[in-house]
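What follows is the content of model.pdb (PDB, C-alpha atoms).
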```
ATOM      1  CA  MET A   1     -46.774   2.712  75.440
ATOM      2  CA  LEU A   2     -48.685   3.949  72.399
ATOM      3  CA  LEU A   3     -48.619   0.444  70.903
ATOM      4  CA  ILE A   4     -50.271  -0.855  74.097
ATOM      5  CA  ILE A   5     -52.843   1.966  74.008
ATOM      6  CA  TYR A   6     -53.754   1.049  70.415
ATOM      7  CA  GLU A   7     -54.246  -2.605  71.338
ATOM      8  CA  GLU A   8     -56.345  -1.710  74.394
ATOM      9  CA  ALA A   9     -58.506   0.633  72.301
ATOM     10  CA  TRP A  10     -58.933  -2.121  69.698
ATOM     11  CA  ALA A  11     -60.031  -4.623  72.367
ATOM     12  CA  ASP A  12     -62.436  -2.177  74.078
ATOM     13  CA  GLU A  13     -65.866  -2.356  72.447
ATOM     14  CA  GLY A  14     -66.783   0.987  73.998
ATOM     15  CA  ALA A  15     -63.674   2.798  72.721
ATOM     16  CA  PRO A  16     -64.311   6.112  70.902
ATOM     17  CA  ALA A  17     -64.046   6.386  67.128
ATOM     18  CA  SER A  18     -60.750   7.237  65.486
ATOM     19  CA  GLY A  19     -60.232  10.930  64.833
ATOM     20  CA  ALA A  20     -58.752  10.050  61.423
ATOM     21  CA  THR A  21     -61.472   7.763  60.018
ATOM     22  CA  GLY A  22     -64.484   8.362  62.278
ATOM     23  CA  LYS A  23     -64.745   4.621  62.964
ATOM     24  CA  PRO A  24     -63.588   2.425  65.895
ATOM     25  CA  LEU A  25     -60.209   0.733  65.413
ATOM     26  CA  ARG A  26     -61.837  -2.685  65.206
ATOM     27  CA  ALA A  27     -63.901  -1.524  62.216
ATOM     28  CA  ASP A  28     -60.752  -0.358  60.414
ATOM     29  CA  TYR A  29     -58.678  -3.406  61.432
ATOM     30  CA  PRO A  30     -60.852  -6.525  61.938
ATOM     31  CA  THR A  31     -57.991  -8.618  63.393
ATOM     32  CA  LEU A  32     -55.289  -7.887  65.940
ATOM     33  CA  GLU A  33     -52.655  -8.910  63.379
ATOM     34  CA  GLU A  34     -53.906  -6.252  60.963
ATOM     35  CA  LEU A  35     -53.761  -3.623  63.717
ATOM     36  CA  ARG A  36     -50.199  -4.586  64.692
ATOM     37  CA  LYS A  37     -49.177  -4.290  61.067
ATOM     38  CA  ALA A  38     -50.641  -0.773  60.828
ATOM     39  CA  ALA A  39     -49.925   0.606  64.334
ATOM     40  CA  PRO A  40     -46.307   1.857  63.885
ATOM     41  CA  ALA A  41     -47.282   3.989  60.883
ATOM     42  CA  LEU A  42     -50.445   5.205  62.657
ATOM     43  CA  ILE A  43     -48.416   6.333  65.666
ATOM     44  CA  LEU A  44     -45.878   8.220  63.546
ATOM     45  CA  SER A  45     -48.636   9.787  61.448
ATOM     46  CA  HIS A  46     -51.027  10.839  64.198
ATOM     47  CA  ASN A  47     -49.500  10.701  67.688
ATOM     48  CA  LEU A  48     -45.894  11.891  67.759
ATOM     49  CA  HIS A  49     -44.751  15.405  66.819
ATOM     50  CA  GLY A  50     -41.464  17.213  67.287
ATOM     51  CA  VAL A  51     -39.709  20.503  66.574
ATOM     52  CA  ASP A  52     -36.026  21.389  66.357
ATOM     53  CA  ILE A  53     -34.040  24.287  64.922
ATOM     54  CA  ASP A  54     -31.221  21.957  63.779
ATOM     55  CA  PRO A  55     -31.965  19.951  60.586
ATOM     56  CA  ARG A  56     -29.498  17.233  61.638
ATOM     57  CA  CYS A  57     -31.280  16.727  64.944
ATOM     58  CA  ALA A  58     -34.620  16.485  63.134
ATOM     59  CA  GLN A  59     -33.186  13.897  60.727
ATOM     60  CA  ILE A  60     -31.730  11.829  63.583
ATOM     61  CA  ALA A  61     -35.067  11.932  65.411
ATOM     62  CA  GLN A  62     -36.909  10.793  62.270
ATOM     63  CA  LEU A  63     -34.417   7.946  61.788
ATOM     64  CA  ALA A  64     -34.742   6.873  65.435
ATOM     65  CA  LEU A  65     -38.539   6.787  65.130
ATOM     66  CA  TRP A  66     -38.331   4.828  61.863
ATOM     67  CA  MET A  67     -36.025   2.273  63.517
ATOM     68  CA  ARG A  68     -38.388   1.991  66.488
ATOM     69  CA  GLY A  69     -41.211   1.327  64.026
ATOM     70  CA  GLN A  70     -39.193  -1.474  62.385
ATOM     71  CA  ARG A  71     -38.582  -2.999  65.803
ATOM     72  CA  ALA A  72     -42.326  -2.967  66.469
ATOM     73  CA  PHE A  73     -42.925  -4.759  63.159
ATOM     74  CA  LYS A  74     -40.311  -7.375  64.072
ATOM     75  CA  GLU A  75     -41.794  -7.947  67.553
ATOM     76  CA  ALA A  76     -45.256  -8.330  65.989
ATOM     77  CA  GLY A  77     -43.912 -10.924  63.541
ATOM     78  CA  VAL A  78     -44.562  -8.800  60.431
ATOM     79  CA  PRO A  79     -42.151  -9.893  57.660
ATOM     80  CA  ARG A  80     -40.276  -7.164  55.785
ATOM     81  CA  SER A  81     -42.207  -7.775  52.592
ATOM     82  CA  ASP A  82     -45.521  -7.066  54.379
ATOM     83  CA  ARG A  83     -44.455  -3.956  56.290
ATOM     84  CA  PRO A  84     -46.164  -0.723  55.156
ATOM     85  CA  VAL A  85     -43.763   1.995  54.003
ATOM     86  CA  ILE A  86     -43.156   4.692  56.629
ATOM     87  CA  ARG A  87     -42.233   7.725  54.573
ATOM     88  CA  ARG A  88     -41.901  10.405  57.233
ATOM     89  CA  ALA A  89     -42.524  11.337  60.831
ATOM     90  CA  ASN A  90     -44.046  14.575  62.090
ATOM     91  CA  ILE A  91     -40.701  16.120  63.010
ATOM     92  CA  VAL A  92     -40.513  19.663  61.658
ATOM     93  CA  ILE A  93     -37.590  22.040  61.383
ATOM     94  CA  ALA A  94     -38.149  25.528  62.727
ATOM     95  CA  GLU A  95     -36.486  27.761  60.152
ATOM     96  CA  PRO A  96     -37.290  30.892  58.138
ATOM     97  CA  MET A  97     -39.632  30.443  55.189
ATOM     98  CA  PRO A  98     -38.310  30.650  51.589
ATOM     99  CA  GLY A  99     -36.512  33.872  50.747
ATOM    100  CA  ASP A 100     -37.061  33.939  46.970
ATOM    101  CA  THR A 101     -38.969  37.239  46.773
ATOM    102  CA  LYS A 102     -39.915  36.772  43.125
ATOM    103  CA  LEU A 103     -41.461  33.341  43.696
ATOM    104  CA  LEU A 104     -43.083  34.538  46.920
ATOM    105  CA  ASP A 105     -44.820  37.395  45.086
ATOM    106  CA  GLU A 106     -45.700  35.103  42.193
ATOM    107  CA  PHE A 107     -47.270  32.522  44.497
ATOM    108  CA  ALA A 108     -49.133  35.117  46.590
ATOM    109  CA  ALA A 109     -50.603  36.601  43.390
ATOM    110  CA  THR A 110     -52.005  33.198  42.341
ATOM    111  CA  VAL A 111     -53.823  32.499  45.608
ATOM    112  CA  ARG A 112     -57.533  33.168  45.752
ATOM    113  CA  PRO A 113     -59.168  34.785  47.617
ATOM    114  CA  ALA A 114     -56.565  37.566  47.644
ATOM    115  CA  PHE A 115     -56.561  37.616  51.461
ATOM    116  CA  MET A 116     -54.884  34.170  51.402
ATOM    117  CA  GLY A 117     -51.897  35.611  49.546
ATOM    118  CA  SER A 118     -51.595  38.402  52.121
ATOM    119  CA  LEU A 119     -51.868  35.864  54.941
ATOM    120  CA  PHE A 120     -49.118  33.698  53.447
ATOM    121  CA  LYS A 121     -46.813  36.725  53.114
ATOM    122  CA  GLU A 122     -47.491  37.541  56.759
ATOM    123  CA  ILE A 123     -46.579  33.994  57.792
ATOM    124  CA  VAL A 124     -43.301  34.263  55.845
ATOM    125  CA  SER A 125     -42.530  37.555  57.587
ATOM    126  CA  GLU A 126     -43.331  36.212  61.064
ATOM    127  CA  MET A 127     -41.207  33.107  60.444
ATOM    128  CA  ARG A 128     -38.034  35.156  60.043
ATOM    129  CA  LEU A 129     -37.017  34.340  63.652
ATOM    130  CA  ALA A 130     -38.051  30.669  63.599
ATOM    131  CA  GLY A 131     -34.434  29.519  63.381
ATOM    132  CA  GLU A 132     -33.571  31.525  66.515
ATOM    133  CA  MET A 133     -36.655  30.846  68.666
ATOM    134  CA  GLY A 134     -37.845  27.442  67.484
ATOM    135  CA  ALA A 135     -40.958  26.300  69.334
ATOM    136  CA  LEU A 136     -40.866  29.517  71.377
ATOM    137  CA  LEU A 137     -42.040  31.475  68.337
ATOM    138  CA  PRO A 138     -45.755  32.106  69.053
ATOM    139  CA  ILE A 139     -46.637  31.978  65.355
ATOM    140  CA  GLU A 140     -50.145  30.593  65.957
ATOM    141  CA  ARG A 141     -51.053  33.593  68.143
ATOM    142  CA  LYS A 142     -50.140  36.007  65.349
ATOM    143  CA  LEU A 143     -51.882  33.922  62.689
ATOM    144  CA  SER A 144     -55.017  33.630  64.790
ATOM    145  CA  ALA A 145     -55.001  37.395  65.387
ATOM    146  CA  SER A 146     -54.668  38.082  61.652
ATOM    147  CA  ILE A 147     -57.548  35.743  60.783
ATOM    148  CA  GLN A 148     -59.682  37.267  63.539
ATOM    149  CA  ASN A 149     -58.932  40.809  62.284
ATOM    150  CA  ALA A 150     -59.985  39.728  58.783
ATOM    151  CA  ARG A 151     -63.159  38.173  60.202
ATOM    152  CA  VAL A 152     -64.042  41.463  61.934
ATOM    153  CA  ALA A 153     -63.252  43.460  58.771
ATOM    154  CA  PHE A 154     -65.422  41.070  56.720
ATOM    155  CA  SER A 155     -68.295  41.580  59.163
ATOM    156  CA  LYS A 156     -68.002  45.372  58.893
ATOM    157  CA  GLN A 157     -67.824  45.276  55.094
ATOM    158  CA  ALA A 158     -70.887  43.034  54.988
ATOM    159  CA  GLU A 159     -72.800  45.488  57.195
ATOM    160  CA  ARG A 160     -71.849  48.428  54.956
ATOM    161  CA  SER A 161     -72.820  46.557  51.774
ATOM    162  CA  GLU A 162     -76.280  45.651  53.125
ATOM    163  CA  ASN A 163     -77.334  49.279  52.751
ATOM    164  CA  PHE A 164     -76.492  49.461  49.042
ATOM    165  CA  LEU A 165     -77.965  47.976  45.874
ATOM    166  CA  PRO A 166     -75.802  45.357  44.097
ATOM    167  CA  GLY A 167     -73.073  47.095  42.109
ATOM    168  CA  PHE A 168     -73.295  50.304  44.158
ATOM    169  CA  GLU A 169     -71.310  49.120  47.203
ATOM    170  CA  PRO A 170     -68.636  51.572  48.444
ATOM    171  CA  VAL A 171     -65.146  51.193  46.981
ATOM    172  CA  LYS A 172     -62.573  49.502  49.219
ATOM    173  CA  ARG A 173     -60.736  52.085  51.309
ATOM    174  CA  GLN A 174     -56.983  52.621  51.185
ATOM    175  CA  GLY A 175     -55.177  50.125  53.429
ATOM    176  CA  GLU A 176     -58.306  48.050  53.889
ATOM    177  CA  LEU A 177     -57.956  44.269  53.615
ATOM    178  CA  ASP A 178     -58.874  42.833  50.233
ATOM    179  CA  LEU A 179     -61.580  40.342  51.212
ATOM    180  CA  SER A 180     -63.042  39.919  47.738
ATOM    181  CA  GLY A 181     -64.055  36.365  46.935
ATOM    182  CA  ILE A 182     -64.984  35.577  50.550
ATOM    183  CA  ASP A 183     -68.713  35.039  50.807
ATOM    184  CA  ASN A 184     -69.229  33.602  54.310
ATOM    185  CA  PHE A 185     -67.641  33.243  57.744
ATOM    186  CA  ALA A 186     -66.927  29.531  57.234
ATOM    187  CA  PHE A 187     -63.961  30.545  55.061
ATOM    188  CA  PHE A 188     -62.001  31.734  58.099
ATOM    189  CA  GLU A 189     -62.279  28.318  59.779
ATOM    190  CA  ARG A 190     -60.275  26.634  56.999
ATOM    191  CA  ALA A 191     -57.907  29.418  55.961
ATOM    192  CA  GLU A 192     -54.684  27.566  56.856
ATOM    193  CA  GLU A 193     -55.870  24.402  55.117
ATOM    194  CA  GLN A 194     -56.466  26.380  51.921
ATOM    195  CA  ILE A 195     -52.869  27.633  51.886
ATOM    196  CA  PHE A 196     -51.673  23.986  51.737
ATOM    197  CA  GLY A 197     -53.984  23.344  48.797
ATOM    198  CA  ALA A 198     -52.767  26.466  47.005
ATOM    199  CA  LEU A 199     -49.133  25.363  47.396
ATOM    200  CA  GLN A 200     -49.876  21.979  45.837
ATOM    201  CA  ALA A 201     -51.707  23.591  42.917
ATOM    202  CA  TYR A 202     -48.796  26.015  42.423
ATOM    203  CA  VAL A 203     -46.319  23.142  42.108
ATOM    204  CA  SER A 204     -48.497  21.045  39.781
ATOM    205  CA  ASP A 205     -48.929  24.074  37.527
ATOM    206  CA  ALA A 206     -45.161  24.514  37.106
ATOM    207  CA  VAL A 207     -44.284  25.221  33.449
ATOM    208  CA  ASN A 208     -41.616  26.805  31.221
ATOM    209  CA  GLY A 209     -38.647  25.248  33.018
ATOM    210  CA  ARG A 210     -39.576  26.777  36.377
ATOM    211  CA  GLY A 211     -40.759  23.470  37.848
ATOM    212  CA  ILE A 212     -37.671  22.719  39.965
ATOM    213  CA  ARG A 213     -37.524  26.218  41.496
ATOM    214  CA  ARG A 214     -41.243  26.128  42.219
ATOM    215  CA  ARG A 215     -40.989  22.697  43.815
ATOM    216  CA  LEU A 216     -38.076  23.731  46.028
ATOM    217  CA  PHE A 217     -39.978  26.863  47.028
ATOM    218  CA  ALA A 218     -43.106  24.820  47.819
ATOM    219  CA  ASP A 219     -41.137  22.193  49.779
ATOM    220  CA  ASP A 220     -39.576  24.913  51.943
ATOM    221  CA  ALA A 221     -42.920  26.657  52.353
ATOM    222  CA  GLU A 222     -44.627  23.383  53.261
ATOM    223  CA  GLN A 223     -42.078  22.811  56.024
ATOM    224  CA  GLY A 224     -42.885  26.260  57.400
ATOM    225  CA  ILE A 225     -46.637  25.688  57.173
ATOM    226  CA  ALA A 226     -46.161  22.309  58.926
ATOM    227  CA  PHE A 227     -44.402  24.165  61.761
ATOM    228  CA  VAL A 228     -47.305  26.630  61.990
ATOM    229  CA  GLU A 229     -49.781  23.740  62.005
ATOM    230  CA  THR A 230     -47.846  21.892  64.736
ATOM    231  CA  MET A 231     -47.680  24.971  66.933
ATOM    232  CA  GLY A 232     -51.434  25.430  66.519
ATOM    233  CA  ARG A 233     -52.188  22.022  68.041
ATOM    234  CA  LYS A 234     -52.856  21.076  71.653
ATOM    235  CA  PHE A 235     -51.160  17.987  73.066
ATOM    236  CA  ASP A 236     -51.762  15.401  75.782
ATOM    237  CA  VAL A 237     -48.045  15.235  76.564
ATOM    238  CA  VAL A 238     -45.140  17.632  75.992
ATOM    239  CA  LEU A 239     -41.578  16.415  76.633
ATOM    240  CA  MET A 240     -38.454  18.562  76.665
ATOM    241  CA  ASN A 241     -34.833  19.005  77.633
ATOM    242  CA  PRO A 242     -34.686  22.717  76.765
ATOM    243  CA  PRO A 243     -31.594  24.920  76.593
ATOM    244  CA  PHE A 244     -30.972  27.250  79.522
ATOM    245  CA  GLY A 245     -29.492  30.691  80.040
ATOM    246  CA  ALA A 246     -29.992  33.805  77.923
ATOM    247  CA  GLY A 247     -31.898  33.732  74.644
ATOM    248  CA  SER A 248     -30.632  34.690  71.194
ATOM    249  CA  LEU A 249     -29.603  38.337  70.852
ATOM    250  CA  ILE A 250     -31.165  38.472  67.381
ATOM    251  CA  ALA A 251     -34.555  37.469  68.788
ATOM    252  CA  LYS A 252     -34.201  39.319  72.107
ATOM    253  CA  LYS A 253     -36.989  41.871  71.490
ATOM    254  CA  GLU A 254     -39.491  39.287  70.222
ATOM    255  CA  PHE A 255     -38.573  36.830  72.981
ATOM    256  CA  GLU A 256     -38.970  39.323  75.818
ATOM    257  CA  SER A 257     -42.280  40.666  74.508
ATOM    258  CA  SER A 258     -43.669  37.127  74.074
ATOM    259  CA  TYR A 259     -42.520  35.847  77.483
ATOM    260  CA  PRO A 260     -42.422  38.782  79.917
ATOM    261  CA  ARG A 261     -42.836  36.485  82.962
ATOM    262  CA  THR A 262     -40.046  34.074  82.052
ATOM    263  CA  LYS A 263     -37.610  36.132  79.968
ATOM    264  CA  ASN A 264     -34.806  35.830  82.553
ATOM    265  CA  ASP A 265     -34.012  32.249  81.425
ATOM    266  CA  ILE A 266     -34.884  30.447  78.227
ATOM    267  CA  PHE A 267     -35.675  27.150  79.968
ATOM    268  CA  ALA A 268     -38.423  28.832  82.015
ATOM    269  CA  ALA A 269     -39.901  30.243  78.795
ATOM    270  CA  PHE A 270     -39.859  26.763  77.248
ATOM    271  CA  VAL A 271     -41.798  25.402  80.223
ATOM    272  CA  GLU A 272     -44.328  28.249  79.919
ATOM    273  CA  ARG A 273     -44.657  27.518  76.193
ATOM    274  CA  GLY A 274     -45.016  23.782  76.825
ATOM    275  CA  VAL A 275     -47.847  24.363  79.297
ATOM    276  CA  GLU A 276     -49.541  26.626  76.736
ATOM    277  CA  LEU A 277     -49.445  23.768  74.192
ATOM    278  CA  LEU A 278     -51.096  21.275  76.561
ATOM    279  CA  LEU A 279     -54.704  20.184  76.643
ATOM    280  CA  GLN A 280     -56.434  20.450  80.011
ATOM    281  CA  ARG A 281     -55.078  17.757  82.348
ATOM    282  CA  GLY A 282     -52.189  17.293  79.899
ATOM    283  CA  MET A 283     -48.735  16.482  81.271
ATOM    284  CA  LEU A 284     -45.389  18.201  80.726
ATOM    285  CA  GLY A 285     -42.170  16.307  81.425
ATOM    286  CA  ALA A 286     -38.870  18.189  81.542
ATOM    287  CA  ILE A 287     -35.241  17.972  82.583
ATOM    288  CA  THR A 288     -33.938  21.499  83.211
ATOM    289  CA  SER A 289     -31.645  23.485  85.449
ATOM    290  CA  ARG A 290     -32.831  23.249  89.067
ATOM    291  CA  THR A 291     -32.235  26.962  89.782
ATOM    292  CA  GLY A 292     -35.769  27.977  88.802
ATOM    293  CA  PHE A 293     -37.164  26.287  91.894
ATOM    294  CA  PHE A 294     -35.410  28.471  94.464
ATOM    295  CA  LEU A 295     -33.839  31.643  93.015
ATOM    296  CA  SER A 296     -35.835  34.830  93.642
ATOM    297  CA  SER A 297     -35.537  35.863  89.986
ATOM    298  CA  PHE A 298     -37.842  32.909  89.091
ATOM    299  CA  GLN A 299     -40.552  33.795  91.627
ATOM    300  CA  GLN A 300     -43.021  34.855  88.922
ATOM    301  CA  TRP A 301     -42.379  31.602  87.012
ATOM    302  CA  ARG A 302     -43.049  29.518  90.124
ATOM    303  CA  GLU A 303     -46.147  31.424  91.219
ATOM    304  CA  GLU A 304     -47.836  32.159  87.890
ATOM    305  CA  ILE A 305     -46.814  29.200  85.712
ATOM    306  CA  LEU A 306     -46.225  26.275  88.065
ATOM    307  CA  LEU A 307     -48.524  26.853  91.029
ATOM    308  CA  LYS A 308     -51.279  28.613  89.099
ATOM    309  CA  ASP A 309     -51.362  26.793  85.750
ATOM    310  CA  ALA A 310     -49.515  23.464  86.043
ATOM    311  CA  PRO A 311     -48.399  22.278  89.499
ATOM    312  CA  PRO A 312     -45.682  19.610  89.779
ATOM    313  CA  VAL A 313     -46.916  16.028  90.096
ATOM    314  CA  VAL A 314     -43.471  14.556  90.689
ATOM    315  CA  PHE A 315     -40.077  16.194  91.149
ATOM    316  CA  ALA A 316     -36.555  14.732  91.288
ATOM    317  CA  ASP A 317     -33.599  16.915  92.349
ATOM    318  CA  LEU A 318     -30.762  15.215  90.441
ATOM    319  CA  GLY A 319     -27.801  17.591  90.745
ATOM    320  CA  TYR A 320     -24.644  17.235  88.611
ATOM    321  CA  GLY A 321     -23.583  14.487  86.214
ATOM    322  CA  VAL A 322     -26.854  14.025  84.324
ATOM    323  CA  LEU A 323     -26.441  15.969  81.051
ATOM    324  CA  ASP A 324     -23.170  14.388  79.875
ATOM    325  CA  SER A 325     -20.399  16.981  80.239
ATOM    326  CA  ALA A 326     -22.670  19.986  80.937
ATOM    327  CA  MET A 327     -21.692  21.571  84.253
ATOM    328  CA  VAL A 328     -25.202  22.246  85.481
ATOM    329  CA  GLU A 329     -27.303  20.929  88.342
ATOM    330  CA  VAL A 330     -30.589  19.643  86.982
ATOM    331  CA  ALA A 331     -34.051  18.589  88.111
ATOM    332  CA  ALA A 332     -36.493  16.269  86.382
ATOM    333  CA  TYR A 333     -40.180  16.918  86.907
ATOM    334  CA  CYS A 334     -43.657  16.391  85.569
ATOM    335  CA  LEU A 335     -46.351  19.085  85.574
ATOM    336  CA  GLU A 336     -50.099  18.665  85.071
ATOM    337  CA  LYS A 337     -52.122  21.451  83.478
ATOM    338  CA  LYS A 338     -55.052  22.455  85.636
ATOM    339  CA  PRO A 339     -58.560  22.037  84.147
TER
END
```
Starting from the file, lay out its structure as structure tokens.
Amino acid sequence: MLLIIYEEAWADEGAPASGATGKPLRADYPTLEELRKAAPALILSHNLHGVDIDPRCAQIAQLALWMRGQRAFKEAGVPRSDRPVIRRANIVIAEPMPGDTKLLDEFAATVRPAFMGSLFKEIVSEMRLAGEMGALLPIERKLSASIQNARVAFSKQAERSENFLPGFEPVKRQGELDLSGIDNFAFFERAEEQIFGALQAYVSDAVNGRGIRRRLFADDAEQGIAFVETMGRKFDVVLMNPPFGAGSLIAKKEFESSYPRTKNDIFAAFVERGVELLLQRGMLGAITSRTGFFLSSFQQWREEILLKDAPPVVFADLGYGVLDSAMVEVAAYCLEKKP
């Protein structure tokens, strides 16, 4: 479907500019043959994203997408020698960030402004339950709150400093955020982006035989940052076949505080999370247990998530025999997020 969308956008003279290049597709690819040669890599780079807590599942998904890309090349008549290299897909593994405390402290100390090091440490701390909660971990909420708190603190410090001559500003109070080196509010708009840049600089600066450890640390950290970045996006479509039943005991407290309306079953929480990740008028497709649509314990889920935020557009009551050997009655449905 995305291949067709690309070709339709290329053929439409009134199509909007690409978000990646700022130009219409036809300007980037003058002929349809050039577009067909580039489209599989464009789709994997810009349009498809996925999250899993199991590295093997993520690898299988990446391989499946790569194979689908090769099929698209073959159907478009692109010979192997002319096919662009597809190095990776946007499938990220939800797992805790690197646990090497020494390297973590070393990296955080190199980041400037100092607030960036504190922010990275906070991300590492918040990611401790990523392997248990996966996409349910509301990491972007916590990150956004931290950046907003720093923005407010920066505003207050700026107000205090205005009343003093240069060099006579009050000393930073105990426990106060170190916001030195930040000179305007624009910094907070690109804070996450700067962490990526700092990681790359940290790796390239590896010396004295520490290069391999640094690179491994940075690779693990980059995977975690990619997860944070993915969870901070909004999507046109979210697809899922989520687990059902009780959540992880290890993450029970975090799970219940993050999803008070849907904590009785993990599949309901996944649907709530999926709706949260949608753009307005975005669509969520799911195959889940059918029990949420009639049991009284799911009343809040039905009334506050489905009817209020994203009513069903289509619903199929499928019953048993759908999820291989799983003894569960399922429903397949599509929800549309209200504008």
*Which residues fall under the PyMOL selection byres ((chain A and resi 261) around 12) in this file, as a ChimeraX atom specification?*
/A:255-260,262-266,268-273,297-306
*Among listed residues A:Tyr29, A:Leu44, A:Ala135, A:Ala39, nearest Ile5 (chain A) (using all atoms listed in the file)*: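 The shortest atom-to-atom distance to Ile5 (chain A) comes from A:Ala39.
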*Atomic distance CA of Gly285 (chain A) - CA of Gly247 (chain A), expressed in Å with one decimal*: 21.3 Å
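Excluding Ala109 (chain A) and any residue on its chain fewer than 4 positions from it, the residues at most 12 Å away by all atoms listed in the file are Lys102, Leu103, Leu104, Asp105, Pro113, Ala114, Phe115, Met116, Gly117, Ser118, Leu119, Phe120, Lys121, Ala198 and Tyr202 of chain A.
Here the question is which of A:Gly77, A:Pro30, A:Gly321, A:Pro96 gets nearest to Glu132 (chain A) using only C-alpha atoms, and that residue is A:Pro96.
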Which residues fall under the PyMOL selection byres ((chain A and resi 4) around 12) in this file, as a PDB file with C-alpha atoms, in the coordinates of the input?
```
ATOM      1  CA  MET A   1     -46.774   2.712  75.440  1.00  0.00           C
ATOM      2  CA  LEU A   2     -48.685   3.949  72.399  1.00  0.00           C
ATOM      3  CA  LEU A   3     -48.619   0.444  70.903  1.00  0.00           C
ATOM      4  CA  ILE A   5     -52.843   1.966  74.008  1.00  0.00           C
ATOM      5  CA  TYR A   6     -53.754   1.049  70.415  1.00  0.00           C
ATOM      6  CA  GLU A   7     -54.246  -2.605  71.338  1.00  0.00           C
ATOM      7  CA  GLU A   8     -56.345  -1.710  74.394  1.00  0.00           C
ATOM      8  CA  ALA A   9     -58.506   0.633  72.301  1.00  0.00           C
ATOM      9  CA  TRP A  10     -58.933  -2.121  69.698  1.00  0.00           C
ATOM     10  CA  ALA A  11     -60.031  -4.623  72.367  1.00  0.00           C
ATOM     11  CA  LEU A  32     -55.289  -7.887  65.940  1.00  0.00           C
ATOM     12  CA  LEU A  35     -53.761  -3.623  63.717  1.00  0.00           C
ATOM     13  CA  ARG A  36     -50.199  -4.586  64.692  1.00  0.00           C
ATOM     14  CA  ALA A  39     -49.925   0.606  64.334  1.00  0.00           C
ATOM     15  CA  PRO A  40     -46.307   1.857  63.885  1.00  0.00           C
ATOM     16  CA  ILE A  43     -48.416   6.333  65.666  1.00  0.00           C
ATOM     17  CA  ALA A  72     -42.326  -2.967  66.469  1.00  0.00           C
TER      18      ALA A  72
END
```
*Hey, what comes out of the PyMOL selection byres ((chain A and resi 241) around 8) on this file? Could you write it as a VMD selection string?*
chain A and resid 239 to 240 242 to 243 286 to 288
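With distances restricted to only C-alpha atoms, A:Gly134 is the closest residue to Val92 (chain A) from A:Gly69, A:Pro311, A:Gly14, A:Gly134.
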_I'd like the contact shell of region 220-232 of chain A - 8 Å cut-off, only C-alpha atoms, skipping same-chain residues fewer than 6 positions apart - returned as JSON, numbers by chain._
{"A": [49, 51, 92, 93, 94, 95, 96, 97, 98, 127, 135, 138, 139, 140, 196, 199, 277]}
*So, counting all atoms listed in the file, which residue among A:Gly22, A:Ser45, A:Leu143, A:Ile53 is closest to Val85 (chain A)?*
A:Ser45
*asked:* Just to confirm, what's the straight-line distance from CA of Ile91 (chain A) to CA of Glu329 (chain A) in Å (one decimal)?
replied: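 CA of Glu329 (chain A) lies 29.1 Å from CA of Ile91 (chain A).
Atom to atom, CA of Gly274 (chain A) and CA of Tyr333 (chain A) stand 13.1 Å apart.
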